[in-house]
Amino acid sequence: MLPLKDKDKVLVQKLLTSGCCPRCVLRFCCINVQSAYKRPPQEILKELKEFIGDNSTVEISETKTQTDADAGQDAAEAPPPKRFKPDEAEPTREEESPVCVLCLGILQEHCDQTLVLKMAEAVKAEKYEFDTLVLSVSLPAQLCVREHSCWLHVKTELREKSLVLGKDDVIQVKEAFKWVMQSLVSRALGGAAVVARSAFEIGVEFVHPETDKDCHFLATTCSDCFKPTKNKESVFTRMAVVKALEKISEANFLKHYPSPPARPSSSCESRDVQCLHTSVFIAGRYNKFCRSLPQTPWLIAGERRMESSVEELIAGPILDTFRATGFNFSSSGREDVDVRTLGNGRPFAMELINPHKSWFSREQIKQLQQTINSASDKIRVRDLQIVTRDAMGRMKEGEEEKTKTYRALVWTEKPIQKEDICFLNDIKELTLDQKTPLRVLHRRALAVRPRMIHSMSSEYRDSHHFYLALKTQAGTYIKEFVHGDFGRTKPNMGELLQTEADILELDVESVDVDWPPPIPE
Ligand code: ZN
C-alpha cells in the first residue's frame with residue numbers, strides 16, 4: 001500500500017493526466033518511503049489508479065487536458081504530443097508508458113538493471129578496489145524548469161482546495177533515482193555499501209538534447225544569472241537555472257513556458273559511467289647519493305638531459321602499486337643536480353591522483369619502500385607512509401625558519417695552513433646579504449635576502465682544500481656563500497679568507513623538518 005492520503009487524490013489525478021510517470025507522482029505527493037519507489041512502475045501505476053478510482057485501461061499520459069488557466073499559451077508553444085515509440089504499429093499496451101514529462105525517463109527505463117550492469121562493467125574494467133562508494137548523478141538542467149512548470153500547474157488547483165505544496169517538499173529526481181538504484185548497484189558490485197560520503201565515486205550523467213532549449217528563455221528573462229565561465233561548455237548550468245527560477249515571477253514564467261511541460265518524444269541518454277577515487281597522499285624522506293641526478297625530470301627544449309630523476313625513481317613504483325593515473329610531487333626544499341642529500345634525508349610528499357587501489361597495510365607499504373630502494377642505488381627512501389592532505393601542509397609550514405646542515409669541499413687559490421681556517425669555527429650567527437644568484441635569476445625575482453649562518457666548522461685536507469660544515473637558515477645559497485657570486489653575496493668565504501674560494505662538492509647533511517614522523521625500520 002502506498003502511503004497516500006485522501007487529499008492527494010486531486011494531485012495524483014492531475015499529475016497522471018499531465019504525463020508524469022508513477023514515480024514522479026510519488027515525488028510530488030512528497031512520499032519519502034524509499035521502498036515505494038523500488039516497486040515496479042506498473043505496480044505503482046495500478047495502485048495510483050485504483051486510489052483515484054480509475055479502473056479503466058487508460059493510457060494516462062495520452063489524455064492530455066489543460067486547465068483553463070494555461071490552455072491559451074500552451075497551445076501555441078508546446079509541440080504536439082508524440083508517442084514514445086512512434087514507429088510502433090501495434091496499439092500500445094497499457095504497461096508501455098510514454099516518456100515522463102518531468103524526469104524524461106530517468107525514473108522509468110533508466111532506473112533498472114541495464115544501467116546497473118553498465119556501472120558494474122565500468123568499475124570492473126578498471127579494477128577498482130573499494131569498500132564503499134557514493135553514487136553521483138548529473139541531470140540535465142532543464143529538469144528544474146520542467147519541475148517548476150509542473151509545480152505551478154498543480155499548485156493553483158491545490159490552493160483552491162486549501163491545500164499547499166511547497167516546492168522544497170517535493171522529493172528530488174536525484175534522490176528517488178538513488179533510492180531505486182542503491183541496492184541494485186550494491187548487489188552488482190558484490191555488496192559494497194552505497195553511502196552518502198565515500199572516497200570512491202561512480203558517476204552517471206544524463207543528457208536530453210531534445211529539450212535542451214527548455215532553459216533558453218531564462219537567459220532573456222534573467223540574463224544576470226547566466227554569465228559565461230571558462231570551464232563550462234554551456235551557461236545553462238543547474239545552479240544558474242535554479243537561481244533564475246527563484247527570481248522569475250510566476251506570471252512571467254507562464255508567459256514563456258507551457259504548464260504542464262510539453263511531452264518529450266525521446267528518453268534521456270546516459271553518458272559513459274565515470275569512476276573516480278579521491279587522491280591519496282603518501283610521504284617519506286629521501287636520500288640522494290648521486291651527483292648527476294636532478295630532483296625532477298630535466299628537460300631543455302623538450303629534450304631530456306639526464307636519464308632519470310629523484311622524482312621518477314620514487315614515483316614509479318608508488319604509481320604502479322596504487323595504480324594511480326597521475327601524481328604531484330613536493331618536497332621540503334630541493335637540491336641541485338650535483339648535490340647529495342645524506343643523513344636522515346629530505347621530507348617529500350606525493351598526491352596520488354585517482355588511485356585504483358588505496359588501502360595498504362603497514363607491511364605492504366614497507367614492501368613498497370623496499371621495492372623503491374632495491375631498484376636504484378642512487379636514492380633511498382625511509383619513513384614511507386600514507387598521510388592525510390592536511391598533514392602534508394606541515395611539511396611546508398615555517399620552512400624559512402628551519403635549519404639545514406651542509407658539508408662542502410672548498411678550494412682556495414692561496415695555499416692554506418690548518419691555522420688559517422681555525423677562526424671559522426668561532427663564527428656564530430653570521431648574517432649574509434644574498435642577492436638572487438645569477439644562476440637562478442631567470443626564474444626568480446631580483447632581491448636582496450638576509451640569511452643566517454648559525455655556525456661553521458672547518459676540517460683541513462691539504463694546502464688548497466678543506467671541508468666546511470655549515471648550519472644555516474633554510475633558503476641560504478651555500479654555493480654563493482663560498483664563491484661569492486661576483487660579490488652578490490656578502491660577506492662570503494673569499495672575503496673571510498682573503499683569497500679566491502670555490503666550492504667543489506656539496507652535501508646536504510640534514511633537513512630539520514620533523515615531518516613525517518619516523519617509522520621504525
Ligand atoms: Zn518521471
# chains A, B, ... in the order shown; residues from 1 in each chain; ligands from 1

$ residues_around --residues "A:Leu152" --least-positions-apart "5" --cutoff "9 Å" --atoms "only C-alpha atoms" --output "PyMOL selection string"
chain A and resi 147+250+254+259-260

$ write_last_selection --atoms "N, CA, C and O atoms" --output "PDB file, in the first residue's frame"
ATOM      1  N   GLU A 147      10.209  20.785 -13.667  1.00  0.00           N
ATOM      2  CA  GLU A 147       9.700  20.582 -12.309  1.00  0.00           C
ATOM      3  C   GLU A 147       8.937  21.837 -11.860  1.00  0.00           C
ATOM      4  O   GLU A 147       7.873  21.756 -11.279  1.00  0.00           O
ATOM      5  N   GLU A 250       5.929  34.088 -11.269  1.00  0.00           N
ATOM      6  CA  GLU A 250       5.101  33.013 -11.837  1.00  0.00           C
ATOM      7  C   GLU A 250       4.500  33.441 -13.163  1.00  0.00           C
ATOM      8  O   GLU A 250       4.516  32.691 -14.151  1.00  0.00           O
ATOM      9  N   LEU A 254       5.072  31.676 -16.778  1.00  0.00           N
ATOM     10  CA  LEU A 254       3.969  31.082 -17.541  1.00  0.00           C
ATOM     11  C   LEU A 254       3.797  31.734 -18.912  1.00  0.00           C
ATOM     12  O   LEU A 254       3.250  31.138 -19.832  1.00  0.00           O
ATOM     13  N   SER A 259       2.695  25.044 -19.118  1.00  0.00           N
ATOM     14  CA  SER A 259       2.465  24.428 -17.811  1.00  0.00           C
ATOM     15  C   SER A 259       1.195  23.608 -17.895  1.00  0.00           C
ATOM     16  O   SER A 259       0.142  24.172 -18.143  1.00  0.00           O
ATOM     17  N   PRO A 260       1.234  22.308 -17.782  1.00  0.00           N
ATOM     18  CA  PRO A 260       2.409  21.459 -17.521  1.00  0.00           C
ATOM     19  C   PRO A 260       3.349  21.426 -18.723  1.00  0.00           C
ATOM     20  O   PRO A 260       2.985  21.872 -19.800  1.00  0.00           O
TER      21      PRO A 260
END

$ residues_near_ligand --ligand "ligand 1" --cutoff "6 Å" --atoms "only C-alpha atoms and all ligand atoms" --output "list in words"
Cys20, Cys21, Arg23, Cys24, Cys100, Leu102, Cys103 and Leu107 of chain A

$ write_last_selection --atoms "all heavy atoms" --output "PDB file, in the first residue's frame"
ATOM      1  N   CYS A  20       2.984  12.620 -16.066  1.00  0.00           N
ATOM      2  CA  CYS A  20       4.044  12.245 -15.119  1.00  0.00           C
ATOM      3  C   CYS A  20       4.071  10.732 -14.956  1.00  0.00           C
ATOM      4  O   CYS A  20       3.028  10.086 -14.953  1.00  0.00           O
ATOM      5  CB  CYS A  20       3.779  12.861 -13.755  1.00  0.00           C
ATOM      6  SG  CYS A  20       3.758  14.644 -13.786  1.00  0.00           S
ATOM      7  N   CYS A  21       5.278  10.204 -14.768  1.00  0.00           N
ATOM      8  CA  CYS A  21       5.402   8.771 -14.549  1.00  0.00           C
ATOM      9  C   CYS A  21       5.025   8.459 -13.096  1.00  0.00           C
ATOM     10  O   CYS A  21       5.001   9.352 -12.253  1.00  0.00           O
ATOM     11  CB  CYS A  21       6.830   8.313 -14.852  1.00  0.00           C
ATOM     12  SG  CYS A  21       8.030   8.767 -13.594  1.00  0.00           S
ATOM     13  N   ARG A  23       6.539   7.167 -10.564  1.00  0.00           N
ATOM     14  CA  ARG A  23       7.492   7.568  -9.505  1.00  0.00           C
ATOM     15  C   ARG A  23       7.488   9.085  -9.314  1.00  0.00           C
ATOM     16  O   ARG A  23       7.648   9.572  -8.194  1.00  0.00           O
ATOM     17  CB  ARG A  23       8.892   7.061  -9.826  1.00  0.00           C
ATOM     18  CG  ARG A  23       9.038   5.547  -9.583  1.00  0.00           C
ATOM     19  CD  ARG A  23      10.448   5.073  -9.879  1.00  0.00           C
ATOM     20  NE  ARG A  23      10.603   3.646  -9.606  1.00  0.00           N
ATOM     21  CZ  ARG A  23      11.163   2.787 -10.451  1.00  0.00           C
ATOM     22  NH1 ARG A  23      11.624   3.189 -11.628  1.00  0.00           N
ATOM     23  NH2 ARG A  23      11.289   1.518 -10.128  1.00  0.00           N
ATOM     24  N   CYS A  24       7.325   9.824 -10.414  1.00  0.00           N
ATOM     25  CA  CYS A  24       7.256  11.279 -10.274  1.00  0.00           C
ATOM     26  C   CYS A  24       5.991  11.697  -9.537  1.00  0.00           C
ATOM     27  O   CYS A  24       5.979  12.692  -8.817  1.00  0.00           O
ATOM     28  CB  CYS A  24       7.353  11.960 -11.643  1.00  0.00           C
ATOM     29  SG  CYS A  24       9.057  12.037 -12.243  1.00  0.00           S
ATOM     30  N   CYS A 100       8.146  10.281 -19.397  1.00  0.00           N
ATOM     31  CA  CYS A 100       7.612  11.192 -18.375  1.00  0.00           C
ATOM     32  C   CYS A 100       8.007  12.640 -18.670  1.00  0.00           C
ATOM     33  O   CYS A 100       9.159  12.918 -19.012  1.00  0.00           O
ATOM     34  CB  CYS A 100       8.160  10.762 -17.018  1.00  0.00           C
ATOM     35  SG  CYS A 100       7.838  11.896 -15.687  1.00  0.00           S
ATOM     36  N   LEU A 102       8.433  14.932 -16.608  1.00  0.00           N
ATOM     37  CA  LEU A 102       9.250  15.507 -15.539  1.00  0.00           C
ATOM     38  C   LEU A 102      10.670  14.936 -15.494  1.00  0.00           C
ATOM     39  O   LEU A 102      11.648  15.664 -15.521  1.00  0.00           O
ATOM     40  CB  LEU A 102       8.587  15.263 -14.179  1.00  0.00           C
ATOM     41  CG  LEU A 102       7.418  16.174 -13.826  1.00  0.00           C
ATOM     42  CD1 LEU A 102       6.996  15.905 -12.400  1.00  0.00           C
ATOM     43  CD2 LEU A 102       7.805  17.632 -13.996  1.00  0.00           C
ATOM     44  N   CYS A 103      10.775  13.609 -15.415  1.00  0.00           N
ATOM     45  CA  CYS A 103      12.111  13.020 -15.260  1.00  0.00           C
ATOM     46  C   CYS A 103      12.708  12.610 -16.605  1.00  0.00           C
ATOM     47  O   CYS A 103      13.852  12.170 -16.665  1.00  0.00           O
ATOM     48  CB  CYS A 103      12.068  11.842 -14.298  1.00  0.00           C
ATOM     49  SG  CYS A 103      11.091  10.463 -14.909  1.00  0.00           S
ATOM     50  N   LEU A 107      13.518   8.088 -14.170  1.00  0.00           N
ATOM     51  CA  LEU A 107      12.913   7.211 -13.159  1.00  0.00           C
ATOM     52  C   LEU A 107      12.091   6.105 -13.806  1.00  0.00           C
ATOM     53  O   LEU A 107      11.385   5.367 -13.126  1.00  0.00           O
ATOM     54  CB  LEU A 107      12.051   8.032 -12.199  1.00  0.00           C
ATOM     55  CG  LEU A 107      12.810   9.066 -11.370  1.00  0.00           C
ATOM     56  CD1 LEU A 107      11.869   9.852 -10.481  1.00  0.00           C
ATOM     57  CD2 LEU A 107      13.894   8.389 -10.535  1.00  0.00           C
TER      58      LEU A 107
END

$ residues_around --residues "A:Pro518" --least-positions-apart "2" --cutoff "9 Å" --atoms "only C-alpha atoms" --output "list in words"
Gly284, Arg382, Asp383, Leu384, Asp514, Trp515, Pro516, Pro520 and Glu521 of chain A

$ write_last_selection --atoms "all heavy atoms" --output "PDB file, in the first residue's frame"
ATOM      1  N   GLY A 284      57.377  10.626   2.935  1.00  0.00           N
ATOM      2  CA  GLY A 284      58.558   9.937   3.438  1.00  0.00           C
ATOM      3  C   GLY A 284      59.762  10.873   3.381  1.00  0.00           C
ATOM      4  O   GLY A 284      59.604  12.086   3.257  1.00  0.00           O
ATOM      5  N   ARG A 382      63.036   6.436   3.177  1.00  0.00           N
ATOM      6  CA  ARG A 382      62.697   5.924   4.505  1.00  0.00           C
ATOM      7  C   ARG A 382      61.403   6.586   4.978  1.00  0.00           C
ATOM      8  O   ARG A 382      60.940   7.553   4.377  1.00  0.00           O
ATOM      9  CB  ARG A 382      63.825   6.199   5.490  1.00  0.00           C
ATOM     10  CG  ARG A 382      63.876   7.643   5.981  1.00  0.00           C
ATOM     11  CD  ARG A 382      65.022   7.872   6.925  1.00  0.00           C
ATOM     12  NE  ARG A 382      66.281   7.716   6.186  1.00  0.00           N
ATOM     13  CZ  ARG A 382      67.398   7.253   6.737  1.00  0.00           C
ATOM     14  NH1 ARG A 382      67.414   6.901   7.990  1.00  0.00           N
ATOM     15  NH2 ARG A 382      68.497   7.178   6.016  1.00  0.00           N
ATOM     16  N   ASP A 383      60.847   6.050   6.063  1.00  0.00           N
ATOM     17  CA  ASP A 383      59.641   6.619   6.701  1.00  0.00           C
ATOM     18  C   ASP A 383      58.451   6.739   5.747  1.00  0.00           C
ATOM     19  O   ASP A 383      57.609   7.628   5.905  1.00  0.00           O
ATOM     20  CB  ASP A 383      59.942   8.005   7.317  1.00  0.00           C
ATOM     21  CG  ASP A 383      61.054   7.952   8.343  1.00  0.00           C
ATOM     22  OD1 ASP A 383      61.233   6.881   8.950  1.00  0.00           O
ATOM     23  OD2 ASP A 383      61.745   8.975   8.517  1.00  0.00           O
ATOM     24  N   LEU A 384      58.390   5.865   4.757  1.00  0.00           N
ATOM     25  CA  LEU A 384      57.283   5.926   3.806  1.00  0.00           C
ATOM     26  C   LEU A 384      55.979   5.598   4.519  1.00  0.00           C
ATOM     27  O   LEU A 384      55.890   4.622   5.260  1.00  0.00           O
ATOM     28  CB  LEU A 384      57.527   4.933   2.657  1.00  0.00           C
ATOM     29  CG  LEU A 384      56.663   5.133   1.410  1.00  0.00           C
ATOM     30  CD1 LEU A 384      57.001   6.447   0.714  1.00  0.00           C
ATOM     31  CD2 LEU A 384      56.823   3.972   0.436  1.00  0.00           C
ATOM     32  N   ASP A 514      60.504  18.152  11.181  1.00  0.00           N
ATOM     33  CA  ASP A 514      60.150  16.944  11.945  1.00  0.00           C
ATOM     34  C   ASP A 514      58.890  16.277  11.403  1.00  0.00           C
ATOM     35  O   ASP A 514      58.032  15.815  12.136  1.00  0.00           O
ATOM     36  CB  ASP A 514      60.008  17.263  13.431  1.00  0.00           C
ATOM     37  CG  ASP A 514      59.034  18.388  13.665  1.00  0.00           C
ATOM     38  OD1 ASP A 514      58.427  18.857  12.680  1.00  0.00           O
ATOM     39  OD2 ASP A 514      58.878  18.804  14.825  1.00  0.00           O
ATOM     40  N   TRP A 515      58.752  16.279  10.117  1.00  0.00           N
ATOM     41  CA  TRP A 515      57.616  15.624   9.462  1.00  0.00           C
ATOM     42  C   TRP A 515      58.104  14.986   8.177  1.00  0.00           C
ATOM     43  O   TRP A 515      58.947  15.567   7.521  1.00  0.00           O
ATOM     44  CB  TRP A 515      56.511  16.653   9.153  1.00  0.00           C
ATOM     45  CG  TRP A 515      55.266  15.995   8.641  1.00  0.00           C
ATOM     46  CD1 TRP A 515      54.217  15.543   9.376  1.00  0.00           C
ATOM     47  CD2 TRP A 515      54.955  15.697   7.275  1.00  0.00           C
ATOM     48  NE1 TRP A 515      53.280  14.971   8.563  1.00  0.00           N
ATOM     49  CE2 TRP A 515      53.711  15.055   7.266  1.00  0.00           C
ATOM     50  CE3 TRP A 515      55.614  15.888   6.053  1.00  0.00           C
ATOM     51  CZ2 TRP A 515      53.104  14.602   6.095  1.00  0.00           C
ATOM     52  CZ3 TRP A 515      55.021  15.443   4.886  1.00  0.00           C
ATOM     53  CH2 TRP A 515      53.764  14.810   4.917  1.00  0.00           C
ATOM     54  N   PRO A 516      57.636  13.833   7.796  1.00  0.00           N
ATOM     55  CA  PRO A 516      56.681  12.958   8.508  1.00  0.00           C
ATOM     56  C   PRO A 516      57.335  12.252   9.692  1.00  0.00           C
ATOM     57  O   PRO A 516      58.549  12.186   9.776  1.00  0.00           O
ATOM     58  CB  PRO A 516      56.295  11.938   7.430  1.00  0.00           C
ATOM     59  CG  PRO A 516      57.466  11.880   6.508  1.00  0.00           C
ATOM     60  CD  PRO A 516      58.046  13.250   6.498  1.00  0.00           C
ATOM     61  N   PRO A 520      59.870   3.169  12.627  1.00  0.00           N
ATOM     62  CA  PRO A 520      60.959   2.264  12.986  1.00  0.00           C
ATOM     63  C   PRO A 520      61.194   1.233  11.874  1.00  0.00           C
ATOM     64  O   PRO A 520      60.223   0.701  11.322  1.00  0.00           O
ATOM     65  CB  PRO A 520      60.456   1.575  14.261  1.00  0.00           C
ATOM     66  CG  PRO A 520      59.061   2.043  14.489  1.00  0.00           C
ATOM     67  CD  PRO A 520      58.735   3.126  13.537  1.00  0.00           C
ATOM     68  N   GLU A 521      62.441   1.035  11.559  1.00  0.00           N
ATOM     69  CA  GLU A 521      62.795   0.105  10.455  1.00  0.00           C
ATOM     70  C   GLU A 521      62.509  -1.338  10.869  1.00  0.00           C
ATOM     71  O   GLU A 521      62.686  -1.707  12.005  1.00  0.00           O
ATOM     72  CB  GLU A 521      64.276   0.252  10.114  1.00  0.00           C
ATOM     73  CG  GLU A 521      64.637   1.636   9.572  1.00  0.00           C
ATOM     74  CD  GLU A 521      64.400   1.789   8.078  1.00  0.00           C
ATOM     75  OE1 GLU A 521      64.742   0.838   7.329  1.00  0.00           O
ATOM     76  OE2 GLU A 521      63.884   2.822   7.656  1.00  0.00           O
TER      77      GLU A 521
END

$ residues_around --residues "stretch 363-378 of chain A" --least-positions-apart "6" --cutoff "7 Å" --atoms "only C-alpha atoms" --output "list in words"
Lys288, Phe289, Cys290, Ile314, Pro317, Leu384 and Gln385 of chain A

$ write_last_selection --atoms "N, CA and C atoms" --output "CSV table (one decimal), in the first residue's frame"
chain,number,residue,atom,x,y,z
A,288,LYS,N,69.7,11.2,-1.5
A,288,LYS,CA,70.2,11.2,-2.9
A,288,LYS,C,71.7,11.1,-2.8
A,289,PHE,N,72.2,10.0,-3.4
A,289,PHE,CA,73.6,9.6,-3.3
A,289,PHE,C,74.4,10.0,-4.5
A,290,CYS,N,73.8,10.6,-5.5
A,290,CYS,CA,74.4,10.7,-6.8
A,290,CYS,C,74.5,12.2,-7.2
A,314,ILE,N,61.3,7.6,-7.3
A,314,ILE,CA,60.4,7.3,-6.2
A,314,ILE,C,59.0,7.1,-6.7
A,317,PRO,N,57.5,3.2,-8.8
A,317,PRO,CA,56.9,2.0,-8.0
A,317,PRO,C,55.6,2.4,-7.3
A,384,LEU,N,58.4,5.9,4.8
A,384,LEU,CA,57.3,5.9,3.8
A,384,LEU,C,56.0,5.6,4.5
A,385,GLN,N,55.0,6.4,4.3
A,385,GLN,CA,53.7,6.3,5.0
A,385,GLN,C,52.6,7.0,4.3

$ residues_around --residues "stretch 507-511 of chain A" --least-positions-apart "4" --cutoff "8 Å" --atoms "only C-alpha atoms" --output "list in words"
Ser332, Glu335, Val339, Arg340, Thr341, Leu342, Gly343, Asn344, Gly345, Arg346, Pro347, Lys402, Thr403, Lys404, Thr405, Tyr406, Arg407 and Ala408 of chain A

$ closest_residue --among "A:Gln295, A:Thr17, A:Thr499, A:Ser331" --to "A:Glu397" --atoms "only C-alpha atoms"
A:Ser331

$ atom_distance --atom1 "atom CA of A:Tyr467" --atom2 "atom CA of A:Asp336"
18.9 Å

$ atom_distance --atom1 "atom CA of A:Phe423" --atom2 "atom CA of A:Tyr460"
12.3 Å
